[in-house]
$ cat coords_9.cif   # mmCIF, C-alpha atoms
data_model
loop_
_atom_site.label_atom_id
_atom_site.label_comp_id
_atom_site.auth_asym_id
_atom_site.auth_seq_id
_atom_site.Cartn_x
_atom_site.Cartn_y
_atom_site.Cartn_z
CA MET B 1 0.00 0.00 0.00
CA THR B 2 1.50 3.36 -1.01
CA LEU B 3 1.10 6.61 0.90
CA ALA B 4 -1.24 7.84 -1.81
CA ASP B 5 -3.36 4.74 -1.19
CA VAL B 6 -3.46 5.56 2.50
CA GLY B 7 -4.50 9.13 1.65
CA VAL B 8 -7.36 7.82 -0.47
CA PHE B 9 -8.21 5.32 2.25
CA ILE B 10 -8.37 8.08 4.88
CA SER B 11 -10.42 10.34 2.61
CA THR B 12 -12.83 7.48 2.05
CA PHE B 13 -13.23 7.07 5.80
CA VAL B 14 -13.85 10.78 6.28
CA LYS B 15 -16.49 10.70 3.57
CA ALA B 16 -18.00 7.58 5.12
CA TYR B 17 -18.20 9.38 8.45
CA VAL B 18 -19.95 12.39 6.96
CA ASP B 19 -22.28 10.17 4.98
CA ALA B 20 -22.97 8.06 8.07
CA ASN B 21 -24.25 11.08 9.93
CA ARG B 22 -26.64 11.79 7.12
CA THR B 23 -27.90 8.50 5.78
CA ILE B 24 -26.47 5.34 7.32
CA GLU B 25 -28.34 3.69 10.17
CA GLN B 26 -27.04 4.16 13.70
CA GLU B 27 -25.78 0.59 14.09
CA THR B 28 -23.09 1.18 11.40
CA GLU B 29 -19.65 0.75 12.97
CA VAL B 30 -17.12 3.42 11.99
CA ASP B 31 -13.68 1.90 11.98
CA PHE B 32 -11.21 4.72 12.59
CA TYR B 33 -9.56 6.92 15.17
CA VAL B 34 -9.36 10.70 15.24
CA THR B 35 -6.13 12.25 16.57
CA GLU B 36 -5.70 15.42 18.63
CA ASN B 37 -4.93 17.18 15.35
CA GLY B 38 -8.21 15.99 13.86
CA ILE B 39 -6.50 13.47 11.57
CA VAL B 40 -8.53 10.38 10.77
CA ILE B 41 -6.57 7.13 11.00
CA PRO B 42 -7.71 3.65 9.97
CA LYS B 43 -8.29 1.41 12.99
CA GLU B 44 -5.36 -0.90 12.26
CA TYR B 45 -2.90 1.99 12.71
CA GLY B 46 -4.63 3.38 15.79
CA SER B 47 -2.03 2.01 18.18
CA TRP B 48 0.56 4.28 16.57
CA ILE B 49 -1.21 7.52 17.43
CA GLY B 50 0.70 9.50 20.01
CA THR B 51 1.84 12.96 20.99
CA SER B 52 5.26 14.36 20.17
CA ARG B 53 7.50 14.76 23.23
CA ARG B 54 9.84 17.09 21.38
CA ASN B 55 9.01 20.22 23.37
CA ASP B 56 9.38 18.41 26.70
CA LEU B 57 12.78 17.13 25.62
CA LEU B 58 13.96 20.49 24.31
CA ASN B 59 12.89 22.11 27.58
CA SER B 60 14.75 19.47 29.61
CA VAL B 61 18.04 19.51 27.72
CA THR B 62 20.70 22.21 28.21
CA ASP B 63 23.60 21.06 26.01
CA SER B 64 23.40 22.70 22.56
CA ASP B 65 24.65 19.63 20.69
CA LEU B 66 22.10 17.42 22.41
CA LYS B 67 19.40 19.99 21.59
CA ASN B 68 20.47 19.70 17.94
CA ALA B 69 20.07 15.94 18.18
CA VAL B 70 16.57 16.28 19.67
CA ASN B 71 15.74 18.83 17.00
CA GLN B 72 16.69 16.32 14.31
CA LEU B 73 15.11 13.29 15.92
CA TYR B 74 11.72 14.68 16.98
CA ARG B 75 9.05 16.35 14.86
CA PRO B 76 6.53 18.68 16.53
CA GLY B 77 2.97 17.77 15.66
CA SER B 78 3.89 14.29 14.51
CA ILE B 79 1.26 11.74 15.49
CA ILE B 80 3.56 8.73 15.07
CA GLY B 81 4.23 7.41 18.57
CA ASP B 82 6.22 9.95 20.56
CA GLY B 83 7.12 11.91 17.41
CA GLY B 84 10.68 10.59 17.35
CA THR B 85 12.74 8.82 14.71
CA ALA B 86 12.78 5.62 16.77
CA ASP B 87 8.99 5.37 16.76
CA SER B 88 8.94 6.23 13.05
CA ILE B 89 11.25 3.26 12.46
CA ARG B 90 9.02 1.00 14.57
CA GLY B 91 5.92 2.22 12.78
CA GLU B 92 7.49 1.72 9.36
CA ASN B 93 8.61 -1.79 10.27
CA GLN B 94 5.27 -2.87 11.67
CA THR B 95 2.85 -1.20 9.25
CA GLY B 96 4.97 -1.45 6.10
CA LEU B 97 4.11 2.19 5.36
CA LEU B 98 7.28 3.78 4.01
CA LEU B 99 7.94 6.96 2.06
CA SER B 100 11.18 5.53 0.67
CA ASN B 101 13.17 2.32 0.43
CA VAL B 102 14.61 2.25 3.94
CA GLY B 103 12.49 4.89 5.66
CA HIS B 104 14.09 6.39 8.77
CA THR B 105 16.43 3.45 9.37
CA GLN B 106 19.66 4.97 8.07
CA LYS B 107 18.95 8.28 9.78
CA GLY B 108 18.41 6.41 13.04
CA ALA B 109 21.70 4.53 12.69
CA GLU B 110 23.72 7.65 11.93
CA MET B 111 22.08 9.65 14.71
CA MET B 112 23.07 6.89 17.13
CA THR B 113 26.71 7.51 16.24
CA TYR B 114 26.18 11.24 16.72
CA LEU B 115 24.57 10.72 20.14
CA GLN B 116 27.42 8.42 21.16
CA ARG B 117 29.95 11.11 20.24
CA ILE B 118 28.04 13.67 22.31
CA ILE B 119 28.05 11.26 25.25
CA ASN B 120 31.75 10.55 24.79
CA SER B 121 32.52 14.28 24.87
CA ASN B 122 31.98 14.17 28.66
CA ASN B 123 30.50 17.64 28.56
CA LEU B 124 26.98 16.63 29.55
CA SER B 125 25.27 17.32 32.86
CA SER B 126 23.88 14.28 34.63
CA ASN B 127 20.37 15.08 33.39
CA ASP B 128 21.53 15.57 29.79
CA LEU B 129 23.57 12.39 29.97
CA LYS B 130 20.53 10.46 31.15
CA ILE B 131 18.43 11.82 28.27
CA ALA B 132 21.17 11.18 25.68
CA GLN B 133 21.52 7.59 26.87
CA GLU B 134 17.75 7.15 26.79
CA LEU B 135 17.57 8.45 23.20
CA LEU B 136 20.47 6.20 22.18
CA LEU B 137 18.83 3.16 23.76
CA ASP B 138 15.49 3.97 22.13
CA LEU B 139 17.10 4.15 18.67
CA SER B 140 19.09 0.99 19.29
CA SER B 141 15.95 -0.81 20.37
CA ALA B 142 13.97 0.39 17.33
CA LEU B 143 16.73 -0.61 14.93
CA GLY B 144 16.88 -3.97 16.65
CA GLY B 145 13.21 -4.50 15.88
CA LYS B 146 11.95 -3.83 19.42
CA MET J 1 34.16 10.37 -5.01
CA ARG J 2 32.65 13.64 -3.75
CA THR J 3 29.87 13.50 -1.20
CA ILE J 4 26.51 15.17 -1.79
CA THR J 5 27.56 17.74 0.82
CA GLU J 6 30.69 18.67 -1.13
CA ILE J 7 28.69 18.98 -4.34
CA PHE J 8 26.11 21.15 -2.55
CA LEU J 9 28.75 23.45 -1.07
CA ASP J 10 30.46 23.79 -4.45
CA GLU J 11 27.16 24.70 -6.07
CA ILE J 12 26.07 27.14 -3.32
CA PRO J 13 29.46 28.45 -2.14
CA GLU J 14 27.99 31.25 -0.03
CA ILE J 15 26.72 28.60 2.42
CA ARG J 16 30.24 27.42 3.13
CA GLU J 17 30.90 30.12 5.74
CA LYS J 18 27.73 29.24 7.64
CA TYR J 19 28.56 25.55 7.29
CA TYR J 20 31.81 25.94 9.19
CA LYS J 21 30.02 27.96 11.85
CA TYR J 22 27.98 24.87 12.74
CA TYR J 23 30.61 22.25 11.96
CA LYS J 24 32.44 20.75 14.95
CA ALA J 25 35.31 18.44 14.07
CA GLU J 26 34.98 16.31 17.21
CA LEU J 27 31.33 15.58 16.41
CA HIS J 28 31.13 15.77 12.63
CA ASP J 29 34.43 14.48 11.20
CA ASN J 30 33.61 11.34 9.20
CA ALA J 31 30.00 11.53 10.37
CA GLY J 32 27.29 10.15 8.10
CA GLN J 33 25.51 12.36 5.61
CA TYR J 34 22.31 12.37 7.69
CA VAL J 35 24.20 13.98 10.56
CA ILE J 36 25.93 16.50 8.30
CA TRP J 37 22.69 17.44 6.54
CA GLY J 38 20.58 17.38 9.67
CA VAL J 39 22.83 18.95 12.28
CA VAL J 40 25.10 21.17 10.18
CA LEU J 41 23.37 22.08 6.90
CA GLN J 42 19.78 22.21 8.13
CA PRO J 43 20.57 25.03 10.60
CA CYS J 44 22.40 26.89 7.78
CA ILE J 45 19.28 26.69 5.62
CA MET J 46 17.04 27.81 8.50
CA GLU J 47 19.36 30.77 9.05
CA LEU J 48 18.99 31.73 5.38
CA ILE J 49 15.20 31.43 5.62
CA SER J 50 15.11 33.59 8.75
CA ASP J 51 16.46 36.48 6.63
CA PHE J 52 14.41 35.45 3.62
CA ASP J 53 14.31 38.69 1.62
CA ASN J 54 18.07 39.11 1.65
CA ASN J 55 18.67 35.45 0.81
CA ARG J 56 15.96 34.84 -1.75
CA ASP J 57 18.34 34.23 -4.65
CA THR J 58 20.51 31.86 -2.66
CA LEU J 59 17.44 29.99 -1.43
CA LYS J 60 16.16 29.66 -5.00
CA ARG J 61 19.38 27.89 -5.90
CA VAL J 62 19.22 25.80 -2.72
CA PHE J 63 15.75 24.56 -3.65
CA ASN J 64 16.80 23.98 -7.26
CA PHE J 65 19.52 21.75 -5.84
CA PHE J 66 16.94 20.00 -3.63
CA GLU J 67 14.82 19.28 -6.69
CA LYS J 68 17.83 17.54 -8.24
CA MET J 69 18.29 15.52 -5.05
CA VAL J 70 14.62 14.51 -5.00
CA THR J 71 14.79 13.34 -8.60
CA SER J 72 18.18 11.65 -8.21
CA ASN J 73 18.33 8.07 -9.40
CA LYS J 74 20.08 7.27 -6.12
CA GLU J 75 17.38 6.67 -3.54
CA GLU J 76 19.70 7.44 -0.63
CA ILE J 77 20.27 10.98 -1.93
CA LYS J 78 16.54 11.62 -1.84
CA GLU J 79 16.26 10.03 1.60
CA ILE J 80 19.00 12.19 3.11
CA LEU J 81 17.10 15.30 2.05
CA MET J 82 13.70 13.93 3.10
CA TYR J 83 14.57 12.92 6.62
CA SER J 84 17.14 15.62 7.43
CA VAL J 85 15.68 18.76 5.89
CA LEU J 86 12.29 18.42 4.21
CA GLU J 87 10.56 16.88 7.22
CA THR J 88 11.73 19.80 9.37
CA LEU J 89 10.25 22.50 7.12
CA GLY J 90 6.72 21.77 8.33
CA ASP J 91 7.79 22.20 11.97
CA ASN J 92 7.10 25.91 11.55
CA PRO J 93 4.28 27.17 9.29
CA ASP J 94 6.10 30.49 8.74
CA VAL J 95 9.07 28.61 7.32
CA LEU J 96 6.92 26.30 5.24
CA THR J 97 4.86 29.09 3.66
CA ARG J 98 7.99 30.99 2.70
CA VAL J 99 9.74 28.11 1.00
CA ILE J 100 6.85 26.38 -0.78
CA PRO J 101 6.99 28.85 -3.71
CA LEU J 102 10.70 28.05 -4.12
CA MET J 103 10.14 24.31 -4.32
CA GLY J 104 10.24 22.40 -7.57
CA LYS J 105 7.26 20.23 -8.44
CA ASN J 106 8.79 17.01 -7.11
CA THR J 107 10.08 18.59 -3.90
CA ARG J 108 6.65 20.05 -3.26
CA GLN J 109 4.95 16.71 -3.85
CA LEU J 110 7.39 14.88 -1.59
CA THR J 111 7.06 17.48 1.18
CA GLN J 112 3.29 17.06 1.11
CA GLU J 113 3.69 13.29 1.37
CA ILE J 114 5.99 13.76 4.36
CA GLU J 115 3.44 15.99 6.09
CA ILE J 116 0.73 13.36 5.53
CA PHE J 117 3.07 10.64 6.80
CA LEU J 118 3.69 12.61 10.01
CA GLY J 119 -0.04 13.27 10.40
CA ARG J 120 0.47 17.01 10.03
CA ASN J 121 -2.31 17.32 7.47
CA TYR J 122 -3.02 20.82 8.76
CA ASN J 123 0.10 21.91 6.84
CA LEU J 124 -1.36 20.81 3.50
CA ARG J 125 -3.46 23.98 3.26
CA TYR J 126 -0.27 25.98 2.66
CA PHE J 127 0.29 24.13 -0.60
CA SER J 128 -3.17 24.91 -1.96
CA ASN J 129 -2.27 28.27 -3.47
CA ILE J 130 0.53 26.67 -5.47
CA ASP J 131 -1.07 23.47 -6.73
#

$ encode --input "coords_9.cif" --output "structure tokens"
Amino acid sequence: MTLADVGVFISTFVKAYVDANRTIEQETEVDFYVTENGIVIPKEYGSWIGTSRRNDLLNSVTDSDLKNAVNQLYRPGSIIGDGGTADSIRGENQTGLLLSNVGHTQKGAEMMTYLQRIINSNNLSSNDLKIAQELLLDLSSALGGK
Amino acid sequence: MRTITEIFLDEIPEIREKYYKYYKAELHDNAGQYVIWGVVLQPCIMELISDFDNNRDTLKRVFNFFEKMVTSNKEEIKEILMYSVLETLGDNPDVLTRVIPLMGKNTRQLTQEIEIFLGRNYNLRYFSNID
């Protein structure tokens, strides 16, 4: 299934919802979720809906290099898991929905190396170090299929 | 063989100064292209966009280069751009609305697909005046 197919699929569900309110009997089951952003998602992908934790992370981190890493890894407004690259990788692996051949996999692998270098710099506060290690572990887990 | 970063910097030489402002040898030497594009070049491009009127010509050439990357027959070239730069443009509607008119047809299409993928469908309205 391509992304365009998903777009058509979602549009079809939206239309079905509107039509249901007009003409279909009340017992009709509508098989989708609606996100905080008002996006309609087919039921089978409902477990992937989440809220981006980017702002929380950016507010918690003080090191500028680690902020750059968070800035690259997390998208504000993303509804895929916690909005991070690791959850994008998990989502791509489990749903098969990809925008390209390898999706976010290569980005995740290279950002792991970057995070490791930041950790190795020994310039991080204990809180930043904890977050950097958590991000590294999350990417490692996602790339390992977990 | 030259990397896509080297080709980009040769084609848009005025970015080189900004590039070295963000480049840190201890973090970026021999780093992968995703790190270079995401952590070094992406901030350069955002800096150009923040002073849009004075950098319009440079940005036109930047987005012409992006169109070549998007249509490259090497999938990894397109992916580097997608996941390091294009998916960050929709983080800020002010940025997105400024750069959409500079995008080539394929870059525009791909950026819309990225926004749908991320569930940020609210950003699609900014493309409507162009399509």

$ residues_near_point --input "coords_9.cif" --point "(28.5, 15.2, 27.0)" --cutoff "12 Å" --atoms "all atoms listed in the file" --output "short mmCIF file (atom, residue, chain, number, x, y, z; two decimals) with C-alpha atoms, in the coordinates of the input"
data_model
loop_
_atom_site.label_atom_id
_atom_site.label_comp_id
_atom_site.auth_asym_id
_atom_site.auth_seq_id
_atom_site.Cartn_x
_atom_site.Cartn_y
_atom_site.Cartn_z
CA VAL B 61 18.04 19.51 27.72
CA THR B 62 20.70 22.21 28.21
CA ASP B 63 23.60 21.06 26.01
CA SER B 64 23.40 22.70 22.56
CA ASP B 65 24.65 19.63 20.69
CA LEU B 66 22.10 17.42 22.41
CA LYS B 67 19.40 19.99 21.59
CA TYR B 114 26.18 11.24 16.72
CA LEU B 115 24.57 10.72 20.14
CA GLN B 116 27.42 8.42 21.16
CA ARG B 117 29.95 11.11 20.24
CA ILE B 118 28.04 13.67 22.31
CA ILE B 119 28.05 11.26 25.25
CA ASN B 120 31.75 10.55 24.79
CA SER B 121 32.52 14.28 24.87
CA ASN B 122 31.98 14.17 28.66
CA ASN B 123 30.50 17.64 28.56
CA LEU B 124 26.98 16.63 29.55
CA SER B 125 25.27 17.32 32.86
CA SER B 126 23.88 14.28 34.63
CA ASN B 127 20.37 15.08 33.39
CA ASP B 128 21.53 15.57 29.79
CA LEU B 129 23.57 12.39 29.97
CA LYS B 130 20.53 10.46 31.15
CA ILE B 131 18.43 11.82 28.27
CA ALA B 132 21.17 11.18 25.68
CA GLN B 133 21.52 7.59 26.87
CA GLU J 26 34.98 16.31 17.21
CA LEU J 27 31.33 15.58 16.41
#

$ resolve_selection --input "coords_9.cif" --expression "the PyMOL selection byres ((chain B and resi 77) around 7)" --output "PyMOL selection string"
(chain B and resi 52+75-76+78-79) or (chain J and resi 120)

$ interface_residues --input "coords_9.cif" --of "chain B" --to "chain J" --cutoff "10 Å" --atoms "all atoms listed in the file" --output "MDAnalysis selection string"
chainID B and resid 3:4 6:7 35 37:41 49 65 67:69 71:80 83 85 88 97:104 106:118 120:121

$ resolve_selection --input "coords_9.cif" --expression "the PyMOL selection byres ((chain B and resi 45) around 9)" --output "PyMOL selection string"
chain B and resi 32-33+41-44+46-49+91+95

$ atom_distance --input "coords_9.cif" --atom1 "CA of Ala142 (chain B)" --atom2 "CA of Asp87 (chain B)"
7.1 Å

$ closest_residue --input "coords_9.cif" --among "J:Ile100, J:Ile15, J:Leu41, J:Leu81" --to "Asn55 (chain J)" --atoms "all atoms listed in the file"
J:Ile15

$ atom_distance --input "coords_9.cif" --atom1 "CA of Leu58 (chain B)" --atom2 "CA of Gly81 (chain B)"
17.3 Å

$ atom_distance --input "coords_9.cif" --atom1 "CA of Leu137 (chain B)" --atom2 "CA of Asp82 (chain B)"
14.7 Å

$ residues_near_point --input "coords_9.cif" --point "(25.0, 20.8, -10.5)" --cutoff "9 Å" --atoms "all atoms listed in the file" --output "PyMOL selection string"
chain J and resi 7-8+10-11+65+68

$ closest_residue --input "coords_9.cif" --among "J:Leu102, J:Leu96, J:Ala25, J:Met1" --to "Met46 (chain J)" --atoms "only C-alpha atoms"
J:Leu96

$ closest_residue --input "coords_9.cif" --among "J:Pro93, J:Ile12, J:Ile77, J:Asn30" --to "Leu59 (chain J)" --atoms "only C-alpha atoms"
J:Ile12
